[in-house]
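File shown here: final-v4.cif, holding mmCIF, C-alpha atoms.
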```cif
data_upload
#
loop_
_atom_site.label_atom_id
_atom_site.label_comp_id
_atom_site.auth_asym_id
_atom_site.auth_seq_id
_atom_site.Cartn_x
_atom_site.Cartn_y
_atom_site.Cartn_z
CA MET B 1 0.00 0.00 0.00
CA GLY B 2 2.94 2.31 0.66
CA TRP B 3 4.24 1.69 -2.85
CA ASP B 4 0.76 2.19 -4.27
CA LEU B 5 0.35 5.55 -2.53
CA VAL B 6 3.65 6.71 -4.04
CA TYR B 7 2.42 5.65 -7.48
CA LEU B 8 -0.92 7.35 -6.88
CA GLY B 9 0.92 10.64 -6.35
CA SER B 10 3.12 9.98 -9.38
CA SER B 11 0.21 9.00 -11.63
CA PHE B 12 -0.99 12.57 -12.18
CA ASN B 13 2.26 13.66 -13.87
CA PHE B 14 3.71 10.24 -14.78
CA ASN B 15 6.78 10.85 -12.65
CA TRP B 16 7.96 7.30 -13.35
CA GLY B 17 9.19 8.48 -16.77
CA SER B 18 9.97 6.16 -19.66
CA ASP B 19 11.76 3.51 -17.57
CA SER B 20 9.14 2.35 -15.07
CA ALA B 21 11.27 -0.60 -13.93
CA LEU B 22 14.15 1.69 -12.92
CA TYR B 23 11.76 4.05 -11.15
CA PHE B 24 10.27 1.14 -9.22
CA VAL B 25 13.67 0.02 -7.94
CA LYS B 26 15.37 3.38 -7.37
CA ASN B 27 12.55 5.66 -6.23
CA VAL B 28 10.12 3.27 -4.58
CA GLY B 29 12.25 0.39 -3.29
CA GLY B 30 10.84 -2.45 -5.35
CA SER B 31 13.82 -4.77 -5.24
CA SER B 32 14.69 -8.11 -3.66
CA ASN B 33 18.27 -6.91 -3.12
CA LEU B 34 18.76 -6.61 0.65
CA SER B 35 22.16 -4.89 0.51
CA ASN B 36 20.51 -1.47 0.88
CA MET B 37 17.80 -2.51 3.31
CA ALA B 38 18.96 0.02 5.92
CA ASN B 39 18.35 2.96 3.55
CA PHE B 40 15.08 4.82 3.89
CA ILE B 41 13.33 5.97 0.75
CA ILE B 42 11.52 9.07 1.98
CA PRO B 43 8.39 8.96 -0.26
CA THR B 44 7.78 5.27 0.50
CA THR B 45 8.42 5.75 4.23
CA ILE B 46 5.99 8.68 4.43
CA SER B 47 3.38 6.77 2.41
CA MET B 48 3.63 3.75 4.71
CA LEU B 49 3.21 5.95 7.79
CA ILE B 50 0.11 7.57 6.27
CA VAL B 51 -1.39 4.15 5.52
CA TRP B 52 -0.62 2.82 9.01
CA ILE B 53 -2.17 5.89 10.66
CA PHE B 54 -5.29 5.55 8.51
CA VAL B 55 -5.66 1.83 9.26
CA TRP B 56 -5.00 2.47 12.98
CA TYR B 57 -7.68 5.18 13.03
CA ILE B 58 -10.29 2.92 11.43
CA SER B 59 -9.47 -0.10 13.59
CA HIS B 60 -9.63 1.86 16.87
CA LYS B 61 -13.09 3.25 16.22
CA ASP B 62 -16.28 1.54 17.29
CA LEU B 63 -17.11 -1.42 15.03
CA ASN B 64 -19.97 0.33 13.23
CA GLU B 65 -18.24 3.70 13.06
CA GLY B 66 -14.84 2.31 12.08
CA ILE B 67 -14.66 -0.90 10.10
CA GLY B 68 -18.39 -0.89 9.29
CA LYS B 69 -18.47 2.64 7.89
CA ALA B 70 -15.13 2.24 6.06
CA SER B 71 -16.37 -0.92 4.37
CA LYS B 72 -19.66 0.70 3.36
CA ILE B 73 -17.76 3.55 1.69
CA LEU B 74 -14.60 1.92 0.31
CA ILE B 75 -16.03 -1.35 -1.04
CA PRO B 76 -18.70 0.29 -3.26
CA LEU B 77 -16.11 2.84 -4.45
CA LEU B 78 -13.72 -0.01 -5.27
CA PHE B 79 -16.42 -1.80 -7.28
CA GLY B 80 -17.42 1.40 -9.07
CA ILE B 81 -13.87 2.36 -10.04
CA MET B 82 -13.06 -1.15 -11.25
CA ALA B 83 -16.32 -1.30 -13.24
CA PHE B 84 -15.37 1.94 -15.02
CA ILE B 85 -11.84 0.69 -15.75
CA ILE B 86 -13.14 -2.66 -17.06
CA ILE B 87 -15.76 -1.07 -19.33
CA PHE B 88 -13.26 1.44 -20.68
CA ALA B 89 -10.58 -1.23 -21.16
CA LEU B 90 -12.95 -3.32 -23.26
CA THR B 91 -13.27 -0.41 -25.72
CA LEU B 92 -9.52 -0.05 -26.29
CA PRO B 93 -8.09 -1.09 -29.66
CA GLY B 94 -6.44 -4.48 -29.33
CA ALA B 95 -8.54 -5.45 -26.30
CA GLY B 96 -9.60 -8.55 -28.22
CA ILE B 97 -6.01 -9.77 -28.20
CA GLY B 98 -6.02 -9.83 -24.42
CA ILE B 99 -9.51 -11.33 -24.16
CA ASN B 100 -8.51 -14.04 -26.62
CA ALA B 101 -5.45 -14.87 -24.49
CA LEU B 102 -7.65 -15.01 -21.39
CA LEU B 103 -10.38 -17.23 -22.83
CA LYS B 104 -8.16 -19.63 -24.79
CA PRO B 105 -5.98 -21.33 -22.19
CA ASP B 106 -3.43 -24.04 -22.81
CA TRP B 107 -5.28 -27.05 -21.38
CA GLN B 108 -2.09 -29.11 -21.21
CA MET B 109 -0.93 -26.83 -18.40
CA LEU B 110 -3.51 -28.52 -16.16
CA LEU B 111 -1.04 -31.40 -15.98
CA ASN B 112 1.54 -29.03 -14.46
CA VAL B 113 1.45 -29.30 -10.67
CA ASN B 114 2.83 -25.76 -10.32
CA ILE B 115 -0.34 -24.39 -11.94
CA TRP B 116 -2.46 -26.07 -9.28
CA LEU B 117 -0.17 -24.83 -6.51
CA ALA B 118 -0.44 -21.29 -7.89
CA ALA B 119 -4.24 -21.60 -8.02
CA PHE B 120 -4.44 -22.86 -4.43
CA SER B 121 -2.13 -20.08 -3.27
CA GLN B 122 -4.26 -17.48 -5.03
CA ILE B 123 -7.59 -18.58 -3.60
CA ILE B 124 -6.18 -19.08 -0.08
CA PHE B 125 -4.60 -15.62 -0.19
CA SER B 126 -7.66 -14.01 -1.78
CA LEU B 127 -10.09 -15.40 0.81
CA SER B 128 -7.61 -14.87 3.67
CA MET B 129 -8.08 -18.45 4.81
CA GLY B 130 -6.34 -19.46 8.01
CA GLU B 131 -6.29 -15.91 9.42
CA SER B 132 -9.50 -16.16 11.48
CA ILE B 133 -11.02 -13.28 9.51
CA SER B 134 -14.00 -15.31 8.33
CA LEU B 135 -14.64 -16.65 11.84
CA THR B 136 -14.47 -13.15 13.31
CA TYR B 137 -16.86 -11.65 10.78
CA ALA B 138 -19.18 -14.65 11.14
CA SER B 139 -19.46 -13.89 14.85
CA TYR B 140 -21.25 -10.65 13.98
CA LEU B 141 -24.00 -12.40 12.01
CA PRO B 142 -27.49 -12.52 13.53
CA ASP B 143 -28.57 -15.67 15.29
CA GLY B 144 -30.09 -18.18 12.90
CA SER B 145 -28.00 -17.09 9.91
CA LYS B 146 -27.26 -19.83 7.40
CA LEU B 147 -23.47 -20.03 7.43
CA THR B 148 -23.34 -22.21 4.32
CA ASP B 149 -25.27 -19.63 2.30
CA ASN B 150 -23.07 -16.79 3.54
CA VAL B 151 -19.89 -18.72 2.77
CA LEU B 152 -21.07 -19.45 -0.78
CA ILE B 153 -21.98 -15.77 -1.29
CA VAL B 154 -18.51 -14.65 -0.18
CA VAL B 155 -16.69 -17.24 -2.31
CA PHE B 156 -18.71 -16.66 -5.48
CA ALA B 157 -18.66 -12.87 -5.09
CA ASN B 158 -14.89 -12.93 -4.62
CA CYS B 159 -14.29 -15.18 -7.63
CA ALA B 160 -16.75 -13.23 -9.82
CA PHE B 161 -15.00 -9.96 -9.00
CA GLU B 162 -11.59 -11.44 -9.86
CA VAL B 163 -12.84 -12.88 -13.16
CA CYS B 164 -14.41 -9.54 -14.14
CA THR B 165 -11.21 -7.73 -13.20
CA ALA B 166 -9.24 -10.16 -15.38
CA PHE B 167 -11.20 -8.98 -18.42
CA GLY B 168 -10.12 -5.41 -17.74
CA ILE B 169 -6.50 -6.33 -17.04
CA PHE B 170 -6.13 -8.51 -20.12
CA SER B 171 -7.87 -5.90 -22.30
CA ILE B 172 -5.28 -3.32 -21.22
CA LEU B 173 -2.46 -5.81 -21.86
CA GLY B 174 -3.97 -6.52 -25.29
CA TYR B 175 -3.95 -2.79 -26.00
CA MET B 176 -0.28 -2.63 -25.02
CA SER B 177 0.49 -5.61 -27.28
CA TYR B 178 -1.44 -4.02 -30.17
CA THR B 179 0.23 -0.61 -29.92
CA SER B 180 3.78 -1.75 -29.16
CA GLY B 181 3.92 -4.95 -31.19
CA THR B 182 5.09 -6.85 -28.11
CA PRO B 183 3.64 -10.37 -27.74
CA MET B 184 1.24 -10.89 -24.86
CA VAL B 185 3.44 -13.57 -23.32
CA GLU B 186 6.20 -10.99 -22.85
CA LEU B 187 3.87 -8.51 -21.18
CA VAL B 188 2.18 -10.81 -18.70
CA SER B 189 3.68 -10.46 -15.27
CA GLU B 190 2.37 -11.07 -11.77
CA GLY B 191 1.87 -9.07 -8.61
CA THR B 192 4.08 -6.05 -8.21
CA GLY B 193 5.71 -6.41 -11.62
CA LEU B 194 2.37 -6.06 -13.38
CA VAL B 195 1.05 -3.19 -11.27
CA PHE B 196 4.17 -1.09 -10.80
CA VAL B 197 6.17 -1.78 -13.96
CA VAL B 198 3.95 -2.97 -16.82
CA PHE B 199 0.93 -0.75 -16.14
CA PRO B 200 2.93 2.51 -15.98
CA MET B 201 4.42 1.56 -19.36
CA ILE B 202 0.89 1.13 -20.72
CA PHE B 203 -0.29 4.44 -19.25
CA ASN B 204 2.64 6.18 -20.94
CA ILE B 205 1.39 5.21 -24.39
CA MET B 206 -2.29 5.76 -23.62
CA GLY B 207 -2.03 9.53 -23.91
CA PRO B 208 -4.40 11.87 -22.02
CA ILE B 209 -6.83 9.08 -21.07
CA GLY B 210 -3.98 7.35 -19.24
CA ARG B 211 -3.87 10.28 -16.81
CA ILE B 212 -7.44 9.44 -15.83
CA ILE B 213 -7.18 5.65 -15.73
CA ALA B 214 -3.84 5.58 -13.85
CA PRO B 215 -5.02 7.44 -10.70
CA LEU B 216 -8.28 5.45 -10.68
CA LEU B 217 -6.39 2.15 -10.80
CA PHE B 218 -4.03 3.07 -7.98
CA ILE B 219 -6.95 4.41 -5.90
CA ALA B 220 -8.76 1.08 -6.40
CA ILE B 221 -5.66 -0.86 -5.32
CA LEU B 222 -5.31 1.39 -2.26
CA PHE B 223 -8.94 0.82 -1.25
CA ALA B 224 -8.53 -2.94 -1.68
CA GLY B 225 -5.38 -2.88 0.43
CA ILE B 226 -6.92 -0.82 3.23
CA THR B 227 -10.02 -3.00 3.52
CA SER B 228 -7.83 -6.12 3.54
CA ALA B 229 -5.50 -4.67 6.20
CA VAL B 230 -8.44 -3.71 8.42
CA ALA B 231 -9.84 -7.23 8.05
CA VAL B 232 -6.50 -8.73 9.09
CA PHE B 233 -6.47 -6.61 12.28
CA GLU B 234 -10.09 -7.35 13.16
CA PRO B 235 -9.50 -10.82 14.72
CA MET B 236 -6.85 -9.36 17.07
CA ILE B 237 -8.96 -6.33 17.95
CA ASN B 238 -12.01 -8.48 18.60
#
```
Let me see the structure of the file written as structure tokens.
Amino acid sequence: MGWDLVYLGSSFNFNWGSDSALYFVKNVGGSSNLSNMANFIIPTTISMLIVWIFVWYISHKDLNEGIGKASKILIPLLFGIMAFIIIFALTLPGAGIGINALLKPDWQMLLNVNIWLAAFSQIIFSLSMGESISLTYASYLPDGSKLTDNVLIVVFANCAFEVCTAFGIFSILGYMSYTSGTPMVELVSEGTGLVFVVFPMIFNIMGPIGRIIAPLLFIAILFAGITSAVAVFEPMIN
């Protein structure tokens, strides 16, 4: 979230420049090299402090005034922003390239055990299984609630949101492939590489519309991060 807040500030003027990978390493701290771990990168440090203070403020309020109100505001905003990004992405030239890559998988990869391990890791991480979050939130349900129904709603809503988001992400990657001539397989990355390196490259070639989509994307990521962080703290606070 600290990195994302830095990128949110940079997204209005595209401060990452033409080399987004170098900006990520030098100006944000996105590197696995631990030799400089004692050095503080001021923008990232300040951003992390802001995020921690915000999460602390929400988590120390009354349940309804803190976590409850934050969820009622941030979750709908997250859905609204992502819906706009997805709809816009589907209209980009070359979006079909990305959608085609998404909907035409290599079925032989199902025989690769690493694919299954990656899928299990994703769903366990996405649903925050094993962190007592679901148990804590379930404790707030009214007496007589059907837990099975609520579990299925959470699981299907989560998976549906991720699938819908994939259409937007792959449409943007298809646009990048179409405009740059770079094959999709060379663009696809995961996690931080996709968000903080590939996407800024795409925004650079989008022109004026990129200055609208970029802040919206990083705001959506920030909202998702804050709601997840608050949920992680909830079992300890409770």
Translate the PyMOL selection byres ((chain B and resi 44-55) around 12) into a concrete residue list for this structure, as a PyMOL selection string. chain B and resi 1-10+24-30+39-43+56-61+66-67+70+222-223+225-234
Mind pulling up the distance from atom CA of Ser171 of chain B to atom CA of Ile99 of chain B? 6.0 Å
Rank B:Gln122, B:Ser132, B:Thr165, B:Ser145 by their smallest atom-to-atom distance to Leu102 of chain B, using all atoms listed in the file, and report the top residue only. B:Thr165
Residue with smallest distance to Met184 of chain B - pool B:Val163, B:Leu127, B:Ile221, B:Ala101, counting only C-alpha atoms: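 The answer is B:Ala101, which sits nearest to Met184 of chain B.
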If you measure from atom CA of Lys104 of chain B to atom CA of Cys164 of chain B, what distance in Å do you get, rounded to one decimal?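 These two atoms are separated by 15.9 Å.
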Within 8 Å of Gly98 of chain B, counting only C-alpha atoms, which residues qualify if same-chain residues fewer than 5 places away don't, as a PyMOL selection string? chain B and resi 167+170-175+184
Quick one: residues within 9 Å of Gly17 of chain B, only C-alpha atoms, excluding same-chain residues fewer than 3 positions away - as an MDAnalysis selection string? chainID B and resid 14 20 23 200:201 204
Applying 10 Å and all atoms listed in the file, which residues near Leu216 of chain B remain after dropping the ones on its own chain fewer than 6 positions away? List them as a PDB file with C-alpha atoms, in the coordinates of the input.
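Dumped everything to selection35.pdb:
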```
ATOM      1  CA  LEU B   8      -0.920   7.350  -6.880  1.00  0.00           C
ATOM      2  CA  SER B  11       0.210   9.000 -11.630  1.00  0.00           C
ATOM      3  CA  LEU B  78     -13.720  -0.010  -5.270  1.00  0.00           C
ATOM      4  CA  ILE B  81     -13.870   2.360 -10.040  1.00  0.00           C
ATOM      5  CA  MET B  82     -13.060  -1.150 -11.250  1.00  0.00           C
ATOM      6  CA  PHE B  84     -15.370   1.940 -15.020  1.00  0.00           C
ATOM      7  CA  ILE B  85     -11.840   0.690 -15.750  1.00  0.00           C
ATOM      8  CA  GLY B 210      -3.980   7.350 -19.240  1.00  0.00           C
ATOM      9  CA  LEU B 222      -5.310   1.390  -2.260  1.00  0.00           C
TER      10      LEU B 222
END
```
How far is it from atom CA of Glu131 of chain B to atom CA of Leu74 of chain B, in Å with one decimal? 21.7 Å
